[in-house]
>>> print(open('protein.tsv').read())   # TSV, N, CA and C atoms
chain	number	residue	atom	x	y	z
L	396	MET	N	-15.33	8.54	17.09
L	396	MET	CA	-14.80	9.76	16.53
L	396	MET	C	-15.66	10.97	16.92
L	397	ASP	N	-16.95	10.78	17.10
L	397	ASP	CA	-17.81	11.92	17.39
L	397	ASP	C	-17.57	12.49	18.79
L	398	SER	N	-17.11	11.66	19.72
L	398	SER	CA	-16.92	12.13	21.09
L	398	SER	C	-15.52	12.69	21.35
L	399	MET	N	-14.70	12.79	20.33
L	399	MET	CA	-13.35	13.31	20.50
L	399	MET	C	-13.38	14.83	20.62
L	400	ASN	N	-12.46	15.39	21.38
L	400	ASN	CA	-12.37	16.83	21.56
L	400	ASN	C	-11.48	17.51	20.53
L	401	ILE	N	-10.73	16.75	19.77
L	401	ILE	CA	-9.78	17.29	18.80
L	401	ILE	C	-10.31	17.01	17.39
L	402	GLU	N	-10.00	17.92	16.47
L	402	GLU	CA	-10.42	17.69	15.09
L	402	GLU	C	-9.62	16.55	14.49
L	403	SER	N	-10.24	15.87	13.54
L	403	SER	CA	-9.57	14.70	12.94
L	403	SER	C	-8.32	15.10	12.17
L	404	THR	N	-8.33	16.25	11.51
L	404	THR	CA	-7.13	16.67	10.77
L	404	THR	C	-5.99	16.99	11.74
L	405	GLN	N	-6.31	17.58	12.88
L	405	GLN	CA	-5.27	17.85	13.88
L	405	GLN	C	-4.73	16.55	14.46
L	406	LEU	N	-5.60	15.56	14.65
L	406	LEU	CA	-5.16	14.25	15.14
L	406	LEU	C	-4.21	13.59	14.15
L	407	ILE	N	-4.55	13.67	12.88
L	407	ILE	CA	-3.69	13.08	11.85
L	407	ILE	C	-2.32	13.75	11.85
L	408	ASN	N	-2.31	15.07	11.91
L	408	ASN	CA	-1.03	15.79	11.92
L	408	ASN	C	-0.21	15.47	13.17
L	409	ASP	N	-0.88	15.34	14.31
L	409	ASP	CA	-0.16	15.00	15.55
L	409	ASP	C	0.40	13.59	15.51
L	410	LEU	N	-0.33	12.67	14.92
L	410	LEU	CA	0.15	11.29	14.83
L	410	LEU	C	1.29	11.15	13.82
L	411	ALA	N	1.27	11.94	12.76
L	411	ALA	CA	2.29	11.83	11.72
L	411	ALA	C	3.54	12.65	12.01
L	412	SER	N	3.44	13.62	12.91
L	412	SER	CA	4.56	14.54	13.12
L	412	SER	C	5.83	13.89	13.68
L	413	PRO	N	5.80	12.84	14.51
L	413	PRO	CA	7.06	12.29	15.01
L	413	PRO	C	7.89	11.55	13.96
L	414	TYR	N	7.29	11.21	12.84
L	414	TYR	CA	7.99	10.42	11.84
L	414	TYR	C	8.66	11.31	10.81
L	415	TRP	N	9.69	10.77	10.16
L	415	TRP	CA	10.42	11.51	9.14
L	415	TRP	C	9.63	11.55	7.86
L	416	TRP	N	10.18	12.23	6.87
L	416	TRP	CA	9.49	12.61	5.66
L	416	TRP	C	8.71	11.49	4.96
L	417	PRO	N	9.28	10.40	4.52
L	417	PRO	CA	8.45	9.51	3.68
L	417	PRO	C	7.26	8.94	4.45
L	418	LEU	N	7.52	8.50	5.67
L	418	LEU	CA	6.44	7.86	6.43
L	418	LEU	C	5.40	8.87	6.91
L	419	SER	N	5.83	10.06	7.29
L	419	SER	CA	4.86	11.06	7.76
L	419	SER	C	3.93	11.49	6.63
L	420	THR	N	4.47	11.64	5.43
L	420	THR	CA	3.63	12.02	4.29
L	420	THR	C	2.63	10.93	3.97
L	421	LEU	N	3.08	9.68	3.99
L	421	LEU	CA	2.15	8.58	3.74
L	421	LEU	C	1.07	8.49	4.81
L	422	MET	N	1.45	8.72	6.05
L	422	MET	CA	0.47	8.68	7.13
L	422	MET	C	-0.56	9.79	6.99
L	423	ARG	N	-0.11	10.99	6.62
L	423	ARG	CA	-1.04	12.10	6.44
L	423	ARG	C	-2.01	11.83	5.29
L	424	LYS	N	-1.47	11.35	4.17
L	424	LYS	CA	-2.33	11.07	3.01
L	424	LYS	C	-3.34	9.98	3.32
L	425	SER	N	-2.90	8.92	3.97
L	425	SER	CA	-3.84	7.84	4.28
L	425	SER	C	-4.85	8.27	5.34
L	426	GLY	N	-4.43	9.12	6.26
L	426	GLY	CA	-5.37	9.63	7.25
L	426	GLY	C	-6.42	10.52	6.64
L	427	GLU	N	-5.99	11.39	5.72
L	427	GLU	CA	-6.96	12.25	5.05
L	427	GLU	C	-7.90	11.45	4.17
L	428	ALA	N	-7.39	10.41	3.53
L	428	ALA	CA	-8.27	9.55	2.73
L	428	ALA	C	-9.23	8.79	3.64
L	429	GLY	N	-8.77	8.41	4.82
L	429	GLY	CA	-9.63	7.69	5.76
L	429	GLY	C	-10.75	8.54	6.32
L	430	ILE	N	-10.54	9.84	6.39
L	430	ILE	CA	-11.60	10.74	6.85
L	430	ILE	C	-12.73	10.78	5.83
L	431	LYS	N	-12.36	10.84	4.55
L	431	LYS	CA	-13.35	10.93	3.49
L	431	LYS	C	-14.02	9.59	3.22
L	432	ASP	N	-13.25	8.50	3.29
L	432	ASP	CA	-13.77	7.18	2.95
L	432	ASP	C	-13.23	6.17	3.96
L	433	TYR	N	-14.11	5.60	4.76
L	433	TYR	CA	-13.67	4.68	5.80
L	433	TYR	C	-13.14	3.35	5.24
L	434	LEU	N	-13.44	3.07	3.99
L	434	LEU	CA	-12.97	1.82	3.38
L	434	LEU	C	-11.68	2.01	2.58
L	435	SER	N	-11.05	3.16	2.69
L	435	SER	CA	-9.86	3.43	1.88
L	435	SER	C	-8.71	2.47	2.22
L	436	SER	N	-8.56	2.11	3.48
L	436	SER	CA	-7.48	1.17	3.83
L	436	SER	C	-7.76	-0.21	3.26
L	437	ASP	N	-9.02	-0.63	3.25
L	437	ASP	CA	-9.36	-1.92	2.65
L	437	ASP	C	-9.15	-1.90	1.14
L	438	LYS	N	-9.50	-0.80	0.51
L	438	LYS	CA	-9.29	-0.68	-0.93
L	438	LYS	C	-7.81	-0.72	-1.27
L	439	ARG	N	-6.99	-0.06	-0.45
L	439	ARG	CA	-5.54	-0.08	-0.68
L	439	ARG	C	-4.99	-1.48	-0.48
L	440	PHE	N	-5.52	-2.22	0.52
L	440	PHE	CA	-5.08	-3.59	0.74
L	440	PHE	C	-5.40	-4.46	-0.46
L	441	VAL	N	-6.59	-4.31	-1.03
L	441	VAL	CA	-6.97	-5.11	-2.19
L	441	VAL	C	-6.07	-4.78	-3.38
L	442	LYS	N	-5.76	-3.49	-3.57
L	442	LYS	CA	-4.87	-3.10	-4.67
L	442	LYS	C	-3.48	-3.72	-4.50
L	443	MET	N	-2.95	-3.67	-3.28
L	443	MET	CA	-1.63	-4.24	-3.03
L	443	MET	C	-1.64	-5.76	-3.18
L	444	PHE	N	-2.73	-6.40	-2.77
L	444	PHE	CA	-2.83	-7.84	-2.90
L	444	PHE	C	-2.88	-8.24	-4.37
L	445	CYS	N	-3.64	-7.49	-5.19
L	445	CYS	CA	-3.69	-7.77	-6.62
L	445	CYS	C	-2.33	-7.54	-7.27
L	446	LEU	N	-1.64	-6.48	-6.85
L	446	LEU	CA	-0.30	-6.22	-7.37
L	446	LEU	C	0.64	-7.38	-7.05
L	447	GLN	N	0.52	-7.91	-5.85
L	447	GLN	CA	1.35	-9.04	-5.46
L	447	GLN	C	1.02	-10.28	-6.30
L	448	LEU	N	-0.25	-10.51	-6.55
L	448	LEU	CA	-0.63	-11.65	-7.39
L	448	LEU	C	-0.10	-11.50	-8.81
L	449	TYR	N	-0.21	-10.28	-9.37
L	449	TYR	CA	0.28	-10.06	-10.73
L	449	TYR	C	1.79	-10.22	-10.82
L	450	THR	N	2.52	-9.72	-9.85
L	450	THR	CA	3.97	-9.87	-9.90
L	450	THR	C	4.38	-11.33	-9.69
L	451	ASN	N	3.62	-12.05	-8.88
L	451	ASN	CA	3.89	-13.48	-8.71
L	451	ASN	C	3.65	-14.22	-10.02
L	452	MET	N	2.57	-13.88	-10.72
L	452	MET	CA	2.29	-14.53	-12.00
L	452	MET	C	3.38	-14.19	-13.02
L	453	LEU	N	3.84	-12.93	-13.02
L	453	LEU	CA	4.93	-12.53	-13.91
L	453	LEU	C	6.22	-13.29	-13.59
L	454	HIS	N	6.47	-13.50	-12.31
L	454	HIS	CA	7.65	-14.27	-11.89
L	454	HIS	C	7.56	-15.70	-12.39
L	455	ILE	N	6.40	-16.29	-12.34
L	455	ILE	CA	6.22	-17.67	-12.83
L	455	ILE	C	6.48	-17.73	-14.33
L	456	VAL	N	5.98	-16.74	-15.07
L	456	VAL	CA	6.19	-16.72	-16.53
L	456	VAL	C	7.68	-16.57	-16.85
L	457	PHE	N	8.37	-15.67	-16.14
L	457	PHE	CA	9.81	-15.51	-16.38
L	457	PHE	C	10.59	-16.77	-16.00
L	458	ALA	N	10.18	-17.44	-14.93
L	458	ALA	CA	10.85	-18.68	-14.54
L	458	ALA	C	10.66	-19.75	-15.60
L	459	ALA	N	9.47	-19.85	-16.15
L	459	ALA	CA	9.22	-20.83	-17.21
L	459	ALA	C	10.04	-20.51	-18.45
L	460	LEU	N	10.11	-19.22	-18.81
L	460	LEU	CA	10.93	-18.83	-19.94
L	460	LEU	C	12.41	-19.12	-19.71
L	461	ALA	N	12.87	-18.94	-18.50
L	461	ALA	CA	14.26	-19.24	-18.18
L	461	ALA	C	14.56	-20.73	-18.30
L	462	ILE	N	13.63	-21.55	-17.84
L	462	ILE	CA	13.81	-23.01	-17.96
L	462	ILE	C	13.82	-23.41	-19.41
L	463	ILE	N	12.93	-22.81	-20.20
L	463	ILE	CA	12.91	-23.12	-21.64
L	463	ILE	C	14.22	-22.68	-22.28
L	464	ALA	N	14.75	-21.53	-21.91
L	464	ALA	CA	16.01	-21.05	-22.47
L	464	ALA	C	17.16	-21.96	-22.09
L	465	VAL	N	17.19	-22.45	-20.86
L	465	VAL	CA	18.26	-23.36	-20.44
L	465	VAL	C	18.17	-24.67	-21.19
L	466	ILE	N	16.96	-25.18	-21.37
L	466	ILE	CA	16.79	-26.44	-22.11
L	466	ILE	C	17.19	-26.25	-23.56
L	467	ALA	N	16.87	-25.10	-24.13
L	467	ALA	CA	17.21	-24.85	-25.54
L	467	ALA	C	18.72	-24.73	-25.75
L	468	CYS	N	19.45	-24.28	-24.73
L	468	CYS	CA	20.89	-24.12	-24.85
L	468	CYS	C	21.63	-25.45	-24.69
L	469	ILE	N	20.99	-26.39	-24.10
L	469	ILE	CA	21.68	-27.69	-23.87
L	469	ILE	C	21.74	-28.51	-25.10
>>> encode(input="protein.tsv", output="structure tokens")
Amino acid sequence: MDSMNIESTQLINDLASPYWWPLSTLMRKSGEAGIKDYLSSDKRFVKMFCLQLYTNMLHIVFAALAIIAVIACI
């Protein structure tokens, strides 16, 4: 990054400009966060992974409750 001729904010805007609204905004925000903190993408990955684990656990609980409800109706 130090040997680049373009500023990092200009690079982020140039990379995000070809995309439409939702994706370009996300790219700009993640790029700006990456300038301030190089581990921001890893932190976001861990948050998404934990969210996936929690929703999976919630799905298991609802599946168990559904099985109990079906057994109770029989």
>>> atom_distance(input="protein.tsv", atom1="atom N of Ala411 of chain L", atom2="atom C of Gln447 of chain L")
29.3 Å
>>> atom_distance(input="protein.tsv", atom1="atom C of Met422 of chain L", atom2="atom C of Ile407 of chain L")
6.5 Å
>>> atom_distance(input="protein.tsv", atom1="atom C of Asp437 of chain L", atom2="atom C of Lys424 of chain L")
13.4 Å
>>> closest_residue(input="protein.tsv", among="L:Cys468, L:Ser398, L:Pro413, L:Ser425", to="Lys438 of chain L", atoms="only C-alpha atoms")
L:Ser425
>>> closest_atom_pairs(input="protein.tsv", of="segment 411-446 of chain L", to="segment 401-404 of chain L", cutoff="8 Å", atoms="all atoms listed in the file", output="CSV")
residue,atom,partner,partner_atom,distance
L:Gly426,C,L:Ser403,C,7.4
L:Glu427,CA,L:Thr404,CA,7.2
L:Ile430,CA,L:Ser403,CA,7.5
>>> closest_residue(input="protein.tsv", among="L:Leu446, L:Ser435, L:Asp409, L:Met399", to="Arg423 of chain L", atoms="only C-alpha atoms")
L:Asp409
>>> select_by_dssp(input="protein.tsv", residues="chain L", states="alpha helix (DSSP H)", output="ChimeraX atom specification")
/L:403-411,416-431,435-468
>>> decode(input="protein.tsv", residues="chain L", atoms="C-alpha atoms", output="PDB file, in the first residue's frame")
ATOM      1  CA  MET L 396       0.000   0.000   0.000  1.00  0.00           C
ATOM      2  CA  ASP L 397       2.860   2.418   0.676  1.00  0.00           C
ATOM      3  CA  SER L 398       4.191   2.237  -2.885  1.00  0.00           C
ATOM      4  CA  MET L 399       0.847   3.035  -4.531  1.00  0.00           C
ATOM      5  CA  ASN L 400       0.447   6.317  -6.408  1.00  0.00           C
ATOM      6  CA  ILE L 401      -3.266   6.685  -5.622  1.00  0.00           C
ATOM      7  CA  GLU L 402      -4.843   7.454  -2.271  1.00  0.00           C
ATOM      8  CA  SER L 403      -6.591   4.563  -0.575  1.00  0.00           C
ATOM      9  CA  THR L 404      -9.932   6.396  -0.397  1.00  0.00           C
ATOM     10  CA  GLN L 405      -9.778   7.107  -4.139  1.00  0.00           C
ATOM     11  CA  LEU L 406      -8.971   3.429  -4.766  1.00  0.00           C
ATOM     12  CA  ILE L 407     -11.976   2.353  -2.710  1.00  0.00           C
ATOM     13  CA  ASN L 408     -14.277   4.723  -4.597  1.00  0.00           C
ATOM     14  CA  ASP L 409     -12.907   3.556  -7.959  1.00  0.00           C
ATOM     15  CA  LEU L 410     -13.379  -0.104  -7.058  1.00  0.00           C
ATOM     16  CA  ALA L 411     -16.921   0.424  -5.750  1.00  0.00           C
ATOM     17  CA  SER L 412     -18.149   2.731  -8.508  1.00  0.00           C
ATOM     18  CA  PRO L 413     -19.034   0.065 -11.152  1.00  0.00           C
ATOM     19  CA  TYR L 414     -21.484  -1.647  -8.812  1.00  0.00           C
ATOM     20  CA  TRP L 415     -25.062  -0.636  -8.078  1.00  0.00           C
ATOM     21  CA  TRP L 416     -26.309   0.837  -4.834  1.00  0.00           C
ATOM     22  CA  PRO L 417     -26.404  -1.954  -2.233  1.00  0.00           C
ATOM     23  CA  LEU L 418     -23.112  -3.568  -3.171  1.00  0.00           C
ATOM     24  CA  SER L 419     -21.225  -0.328  -3.811  1.00  0.00           C
ATOM     25  CA  THR L 420     -22.213   1.044  -0.401  1.00  0.00           C
ATOM     26  CA  LEU L 421     -21.123  -2.150   1.323  1.00  0.00           C
ATOM     27  CA  MET L 422     -17.830  -2.120  -0.550  1.00  0.00           C
ATOM     28  CA  ARG L 423     -17.151   1.505   0.401  1.00  0.00           C
ATOM     29  CA  LYS L 424     -17.964   0.901   4.070  1.00  0.00           C
ATOM     30  CA  SER L 425     -15.832  -2.224   4.284  1.00  0.00           C
ATOM     31  CA  GLY L 426     -12.993  -0.504   2.448  1.00  0.00           C
ATOM     32  CA  GLU L 427     -13.062   2.453   4.799  1.00  0.00           C
ATOM     33  CA  ALA L 428     -13.134   0.109   7.784  1.00  0.00           C
ATOM     34  CA  GLY L 429     -10.213  -1.812   6.288  1.00  0.00           C
ATOM     35  CA  ILE L 430      -8.136   1.353   6.080  1.00  0.00           C
ATOM     36  CA  LYS L 431      -8.590   2.014   9.791  1.00  0.00           C
ATOM     37  CA  ASP L 432      -8.350  -1.611  10.951  1.00  0.00           C
ATOM     38  CA  TYR L 433      -6.700  -4.322   8.879  1.00  0.00           C
ATOM     39  CA  LEU L 434      -8.486  -7.039  10.852  1.00  0.00           C
ATOM     40  CA  SER L 435     -11.980  -5.694  10.157  1.00  0.00           C
ATOM     41  CA  SER L 436     -12.731  -8.360   7.541  1.00  0.00           C
ATOM     42  CA  ASP L 437     -11.674 -11.109   9.948  1.00  0.00           C
ATOM     43  CA  LYS L 438     -13.812  -9.608  12.696  1.00  0.00           C
ATOM     44  CA  ARG L 439     -16.798  -9.471  10.337  1.00  0.00           C
ATOM     45  CA  PHE L 440     -16.191 -13.109   9.376  1.00  0.00           C
ATOM     46  CA  VAL L 441     -16.205 -14.169  13.031  1.00  0.00           C
ATOM     47  CA  LYS L 442     -19.435 -12.231  13.653  1.00  0.00           C
ATOM     48  CA  MET L 443     -21.133 -13.864  10.658  1.00  0.00           C
ATOM     49  CA  PHE L 444     -19.874 -17.294  11.690  1.00  0.00           C
ATOM     50  CA  CYS L 445     -21.264 -16.840  15.216  1.00  0.00           C
ATOM     51  CA  LEU L 446     -24.565 -15.643  13.759  1.00  0.00           C
ATOM     52  CA  GLN L 447     -24.698 -18.779  11.636  1.00  0.00           C
ATOM     53  CA  LEU L 448     -24.012 -20.971  14.665  1.00  0.00           C
ATOM     54  CA  TYR L 449     -26.723 -19.248  16.704  1.00  0.00           C
ATOM     55  CA  THR L 450     -29.314 -19.555  13.951  1.00  0.00           C
ATOM     56  CA  ASN L 451     -28.384 -23.206  13.489  1.00  0.00           C
ATOM     57  CA  MET L 452     -28.860 -23.800  17.223  1.00  0.00           C
ATOM     58  CA  LEU L 453     -32.220 -21.986  17.079  1.00  0.00           C
ATOM     59  CA  HIS L 454     -33.238 -24.178  14.139  1.00  0.00           C
ATOM     60  CA  ILE L 455     -32.413 -27.303  16.144  1.00  0.00           C
ATOM     61  CA  VAL L 456     -34.511 -26.073  19.077  1.00  0.00           C
ATOM     62  CA  PHE L 457     -37.480 -25.313  16.806  1.00  0.00           C
ATOM     63  CA  ALA L 458     -37.139 -28.713  15.124  1.00  0.00           C
ATOM     64  CA  ALA L 459     -37.175 -30.441  18.505  1.00  0.00           C
ATOM     65  CA  LEU L 460     -40.233 -28.446  19.550  1.00  0.00           C
ATOM     66  CA  ALA L 461     -41.972 -29.378  16.307  1.00  0.00           C
ATOM     67  CA  ILE L 462     -41.271 -33.075  16.866  1.00  0.00           C
ATOM     68  CA  ILE L 463     -42.595 -32.797  20.411  1.00  0.00           C
ATOM     69  CA  ALA L 464     -45.733 -31.042  19.111  1.00  0.00           C
ATOM     70  CA  VAL L 465     -46.319 -33.747  16.495  1.00  0.00           C
ATOM     71  CA  ILE L 466     -45.888 -36.497  19.086  1.00  0.00           C
ATOM     72  CA  ALA L 467     -48.241 -34.705  21.471  1.00  0.00           C
ATOM     73  CA  CYS L 468     -50.935 -34.467  18.777  1.00  0.00           C
ATOM     74  CA  ILE L 469     -50.843 -38.170  18.000  1.00  0.00           C
TER      75      ILE L 469
END
